Structures are given as structure tokens and as C-alpha cells.
file entry_5.csv (CSV, C-alpha atoms)
chain,number,residue,atom,x,y,z
A,8,MET,CA,-39.2,-50.6,128.6
A,9,SER,CA,-36.5,-49.1,126.5
A,10,ASP,CA,-36.8,-46.1,124.3
A,11,ILE,CA,-37.6,-46.5,120.6
A,12,VAL,CA,-34.5,-45.9,118.6
A,13,ASN,CA,-34.8,-44.4,115.1
A,14,LYS,CA,-32.0,-46.4,113.4
A,15,VAL,CA,-32.5,-44.5,110.1
A,16,GLU,CA,-31.9,-41.2,111.8
A,17,LYS,CA,-28.8,-42.5,113.5
A,18,SER,CA,-27.4,-44.0,110.3
A,19,GLY,CA,-26.4,-40.6,109.0
A,20,LEU,CA,-28.3,-41.1,105.8
A,21,ILE,CA,-29.4,-38.0,103.9
A,22,THR,CA,-32.4,-38.2,101.6
A,23,ILE,CA,-32.8,-35.9,98.6
A,24,ASP,CA,-36.4,-35.8,97.3
A,25,LEU,CA,-36.6,-34.0,93.9
A,26,GLU,CA,-40.3,-33.4,94.6
A,27,ASP,CA,-39.3,-30.9,97.3
A,28,PHE,CA,-37.8,-28.8,94.6
A,29,TYR,CA,-40.7,-29.0,92.2
A,30,PRO,CA,-41.6,-25.4,91.1
A,31,THR,CA,-45.2,-24.6,91.6
A,32,GLU,CA,-45.6,-22.0,88.8
A,33,PRO,CA,-48.0,-23.0,86.0
A,34,ARG,CA,-46.8,-24.8,82.9
A,35,LYS,CA,-48.3,-23.5,79.6
A,36,VAL,CA,-47.9,-24.3,75.9
A,37,PHE,CA,-47.6,-21.6,73.3
A,38,ASP,CA,-48.8,-23.2,70.0
A,39,LEU,CA,-47.8,-21.4,66.9
A,40,LYS,CA,-50.5,-23.1,64.9
A,41,GLU,CA,-53.0,-20.5,66.1
A,42,PHE,CA,-50.9,-17.7,64.5
A,43,LEU,CA,-50.5,-19.3,61.1
A,44,TYR,CA,-52.6,-18.8,58.0
A,45,GLN,CA,-55.0,-21.8,57.8
A,46,GLU,CA,-52.9,-23.2,60.6
A,47,LEU,CA,-50.2,-24.2,58.1
A,48,VAL,CA,-48.4,-21.2,56.6
A,49,LEU,CA,-46.4,-18.6,58.3
A,50,LYS,CA,-47.0,-15.3,56.5
A,51,GLU,CA,-44.5,-13.0,58.0
A,52,LYS,CA,-46.4,-9.8,58.0
A,53,ASP,CA,-49.6,-11.3,59.5
A,54,PHE,CA,-47.6,-13.5,61.9
A,55,ARG,CA,-45.7,-10.4,63.3
A,56,GLN,CA,-49.0,-8.5,63.6
A,57,ASN,CA,-50.8,-11.3,65.4
A,58,LEU,CA,-48.0,-11.6,67.9
A,59,LYS,CA,-47.9,-7.9,68.4
A,60,ASP,CA,-51.6,-7.8,69.1
A,61,PHE,CA,-51.6,-10.9,71.4
A,62,ASN,CA,-52.2,-10.6,75.2
A,63,TRP,CA,-48.9,-12.0,76.5
A,64,GLU,CA,-49.9,-11.5,80.1
A,65,ILE,CA,-51.5,-14.9,80.3
A,66,TYR,CA,-48.0,-16.3,80.4
A,67,LYS,CA,-46.8,-14.1,83.2
A,68,ASN,CA,-44.5,-16.0,85.7
A,69,SER,CA,-45.3,-19.3,83.9
A,70,TYR,CA,-43.0,-22.0,82.5
A,71,VAL,CA,-43.8,-22.0,78.7
A,72,ALA,CA,-43.2,-24.6,76.0
A,73,ILE,CA,-43.2,-23.2,72.5
A,74,HIS,CA,-44.2,-25.6,69.8
A,75,CYS,CA,-46.4,-26.0,66.7
A,76,SER,CA,-49.0,-28.8,66.8
A,77,SER,CA,-49.7,-28.6,63.0
A,78,GLU,CA,-47.7,-30.1,60.2
A,79,ALA,CA,-46.5,-26.7,59.2
A,80,ILE,CA,-42.8,-26.1,58.4
A,81,ILE,CA,-41.9,-23.1,60.6
A,82,PRO,CA,-38.7,-21.2,60.0
A,83,SER,CA,-36.4,-21.0,63.0
A,84,TRP,CA,-36.9,-17.2,63.4
A,85,GLY,CA,-40.7,-17.8,64.0
A,86,TYR,CA,-39.9,-19.6,67.3
A,87,LEU,CA,-37.3,-17.0,68.1
A,88,LEU,CA,-39.7,-14.2,67.5
A,89,VAL,CA,-42.2,-15.7,69.9
A,90,ALA,CA,-39.4,-16.1,72.5
A,91,THR,CA,-38.7,-12.3,72.3
A,92,TYR,CA,-42.2,-11.7,73.4
A,93,LEU,CA,-42.1,-14.3,76.2
A,94,THR,CA,-38.7,-13.4,77.6
A,95,ASP,CA,-39.8,-10.6,79.8
A,96,ILE,CA,-43.0,-12.2,80.9
A,97,ALA,CA,-42.4,-16.0,81.4
A,98,LYS,CA,-40.4,-17.5,84.2
A,99,HIS,CA,-38.7,-19.9,81.7
A,100,ILE,CA,-39.2,-20.6,78.0
A,101,SER,CA,-38.4,-23.9,76.3
A,102,PHE,CA,-38.8,-25.3,72.8
A,103,GLY,CA,-40.8,-28.5,72.5
A,104,SER,CA,-43.5,-30.4,74.5
A,105,LEU,CA,-44.5,-30.1,78.1
A,106,GLU,CA,-42.4,-33.1,78.9
A,107,GLU,CA,-39.4,-31.4,77.3
A,108,LEU,CA,-40.2,-28.3,79.3
A,109,GLU,CA,-40.1,-30.3,82.6
A,110,ARG,CA,-36.8,-31.8,81.6
A,111,ASP,CA,-35.4,-28.3,80.9
A,112,ILE,CA,-36.7,-27.0,84.3
A,113,TYR,CA,-34.9,-29.8,86.2
A,114,THR,CA,-31.8,-29.6,84.1
A,115,LYS,CA,-31.4,-26.0,85.2
A,116,PHE,CA,-32.2,-26.9,88.8
A,117,ILE,CA,-29.6,-29.7,88.8
A,118,GLN,CA,-26.9,-27.5,87.2
A,119,ASP,CA,-27.4,-25.0,90.1
A,120,PHE,CA,-27.8,-27.6,92.8
A,121,ASP,CA,-25.1,-27.2,95.5
A,122,VAL,CA,-23.6,-30.5,96.4
A,123,THR,CA,-21.3,-29.2,99.1
A,124,PRO,CA,-23.6,-30.4,102.0
A,125,TYR,CA,-23.4,-33.9,100.6
A,126,ARG,CA,-19.6,-34.2,100.5
A,127,ASP,CA,-18.6,-37.6,102.0
A,128,LYS,CA,-22.1,-38.4,103.1
A,129,LYS,CA,-24.4,-41.4,102.6
A,130,VAL,CA,-27.1,-40.1,100.3
A,131,ILE,CA,-30.4,-41.6,99.2
A,132,ILE,CA,-32.2,-40.2,96.2
A,133,LYS,CA,-35.9,-40.7,97.0
A,134,GLY,CA,-37.6,-42.6,94.2
A,135,CYS,CA,-41.3,-42.2,94.6
A,136,SER,CA,-42.9,-39.0,93.5
A,137,GLY,CA,-46.4,-37.7,93.0
A,138,LYS,CA,-45.1,-35.0,90.6
A,139,PRO,CA,-44.0,-35.4,87.0
A,140,ILE,CA,-40.2,-35.5,87.7
A,141,PRO,CA,-38.4,-36.6,84.5
A,142,GLN,CA,-36.2,-39.6,84.7
A,143,ASN,CA,-33.4,-37.4,83.3
A,144,ALA,CA,-33.4,-35.4,86.5
A,145,TYR,CA,-32.4,-38.5,88.5
A,146,VAL,CA,-29.7,-39.3,86.0
A,147,GLN,CA,-28.3,-35.8,86.2
A,148,LEU,CA,-28.5,-35.8,90.0
A,149,VAL,CA,-26.4,-39.0,90.1
A,150,GLN,CA,-23.9,-37.5,87.8
A,151,LYS,CA,-23.6,-34.4,90.0
A,152,LEU,CA,-23.5,-36.3,93.3
A,153,LYS,CA,-21.2,-39.3,92.6
A,154,PRO,CA,-17.9,-37.3,92.6
A,155,VAL,CA,-18.6,-36.0,96.1
A,156,VAL,CA,-20.6,-38.5,98.2
A,157,PHE,CA,-19.4,-41.4,100.2
A,158,SER,CA,-22.3,-43.6,99.0
A,159,LEU,CA,-25.4,-43.2,96.8
A,160,MET,CA,-28.6,-45.1,97.0
A,161,TYR,CA,-32.0,-45.0,95.5
A,162,GLY,CA,-35.4,-45.6,97.1
A,163,GLU,CA,-36.6,-45.1,100.6
A,164,ALA,CA,-34.5,-45.3,103.8
A,165,CYS,CA,-36.2,-48.6,104.7
A,166,SER,CA,-35.6,-50.1,101.3
A,167,THR,CA,-32.8,-48.8,99.1
A,168,VAL,CA,-30.9,-50.0,96.1
A,169,PRO,CA,-27.2,-49.3,96.3
A,170,LEU,CA,-25.9,-47.3,93.3
A,171,TYR,CA,-22.4,-46.3,94.3
A,172,LYS,CA,-19.9,-46.5,97.2
A,173,GLN,CA,-16.4,-44.9,97.4
A,174,LYS,CA,-13.6,-47.3,97.3
A,175,LYS,CA,-11.5,-47.3,100.4

call {"tool": "encode", "arguments": {"input": "entry_5.csv", "output": "C-alpha cells"}}
result
Amino acid sequence: MSDIVNKVEKSGLITIDLEDFYPTEPRKVFDLKEFLYQELVLKEKDFRQNLKDFNWEIYKNSYVAIHCSSEAIIPSWGYLLVATYLTDIAKHISFGSLEELERDIYTKFIQDFDVTPYRDKKVIIKGCSGKPIPQNAYVQLVQKLKPVVFSLMYGEACSTVPLYKQKK
């Protein structure tokens, strides 16, 4: 009998799985609504005092999305003031929903992603994930990899969709 040969391993394909880079720190939402008068009006003096008295430690080393779930019209400085309290506590702060927070987390990751090991390689971006990886992360990864890779595919090694191949 002959040895079993792993053709995928011999093909030189490199798989990037964005799930491998998923940060495990908790995601939390800071809702300004709780700090407003009748959940609708930002009264500066009360707002500042409420923020000052708040226990910010619950956001320690967390990814935090700042937003307001009520119909209140919040002046920009209100969100900025909250950010001043979170800056030294949270791992990362974003304005918007949890989905927008995830997008921001991956945008930062892709910006810092070193593509050097993938130069002139055949790369597969793994498609299936059990974690909430935003579609935008895949788009940004393609944008970052395309200028350096030999070829780019999406899916699994056994079933890929070709996305790009260098012209010879």
C-alpha cells in the first residue's frame, strides 16, 4: 500500500481564518439614555455629575460601543465626554451599535495585519466562521492582500472560489 498524500498540504496553499484573530475580551454597550433626564434631555450639570459618580470599572479591558437608545438629541460633546472616562479603562471605544463596534475592531486589526508572509503565495480566506466576523473584514482583507499575493481564493481548501490571480 502507498502512503496517503495530503495534496492540500503539498499545494502550497495558505489559509487565513479571521476567526483565529477574534479578540476574546467582552463587548459592552454604554447607553447614554440612562444618564439623561427622563431618558430624553441632556442636562449638562446633572449629566456631568452622573458620569463622575458612575462605576467605570465594569468596562475595564472591554470593547465598548457608545450610543443612545432613546430618541434624544445628544450634542456631540456628550459622547466625547463619555469617551474621556472610558479611554483609560476600555480596550477600545467606538461610537454606534455592537455591529459597528465589531467592524471597528476588525478594521483596526486589518490595518495592522502584516501581509509580508503572504507575498507571492496562494492564499485562501476561510469563509465559515462561528464568530460574528463582519463582512467588511473580508473585503478589507482582500484589499490588503491582493497587491502582494500570487492568488487569492475564498472558502475551504477542498472547495474554493477563485477571487484573483496575478497575470503572468

call {"tool": "atom_distance", "arguments": {"input": "entry_5.csv", "atom1": "CA of Met160 (chain A)", "atom2": "CA of Glu106 (chain A)"}}
result
25.7 Å

call {"tool": "closest_residue", "arguments": {"input": "entry_5.csv", "among": "A:Phe28, A:Tyr125, A:Phe42, A:Phe157", "to": "Arg55 (chain A)", "atoms": "only C-alpha atoms"}}
result
A:Phe42

call {"tool": "atom_distance", "arguments": {"input": "entry_5.csv", "atom1": "CA of Leu159 (chain A)", "atom2": "CA of Val130 (chain A)"}}
result
5.0 Å

call {"tool": "atom_distance", "arguments": {"input": "entry_5.csv", "atom1": "CA of Asp121 (chain A)", "atom2": "CA of His99 (chain A)"}}
result
20.7 Å

call {"tool": "closest_residue", "arguments": {"input": "entry_5.csv", "among": "A:Leu105, A:Ile23, A:Ala79, A:Leu93", "to": "Trp63 (chain A)", "atoms": "only C-alpha atoms"}}
result
A:Leu93

call {"tool": "closest_residue", "arguments": {"input": "entry_5.csv", "among": "A:Lys59, A:Ile80, A:Tyr70, A:Ile21", "to": "Leu47 (chain A)", "atoms": "only C-alpha atoms"}}
result
A:Ile80

call {"tool": "residues_around", "arguments": {"input": "entry_5.csv", "residues": "Pro169 (chain A)", "least_positions_apart": "2", "cutoff": "10 Å", "atoms": "all atoms listed in the file", "output": "NGL selection string"}}
result
:A and (131 or 158-162 or 166-167 or 171-172)
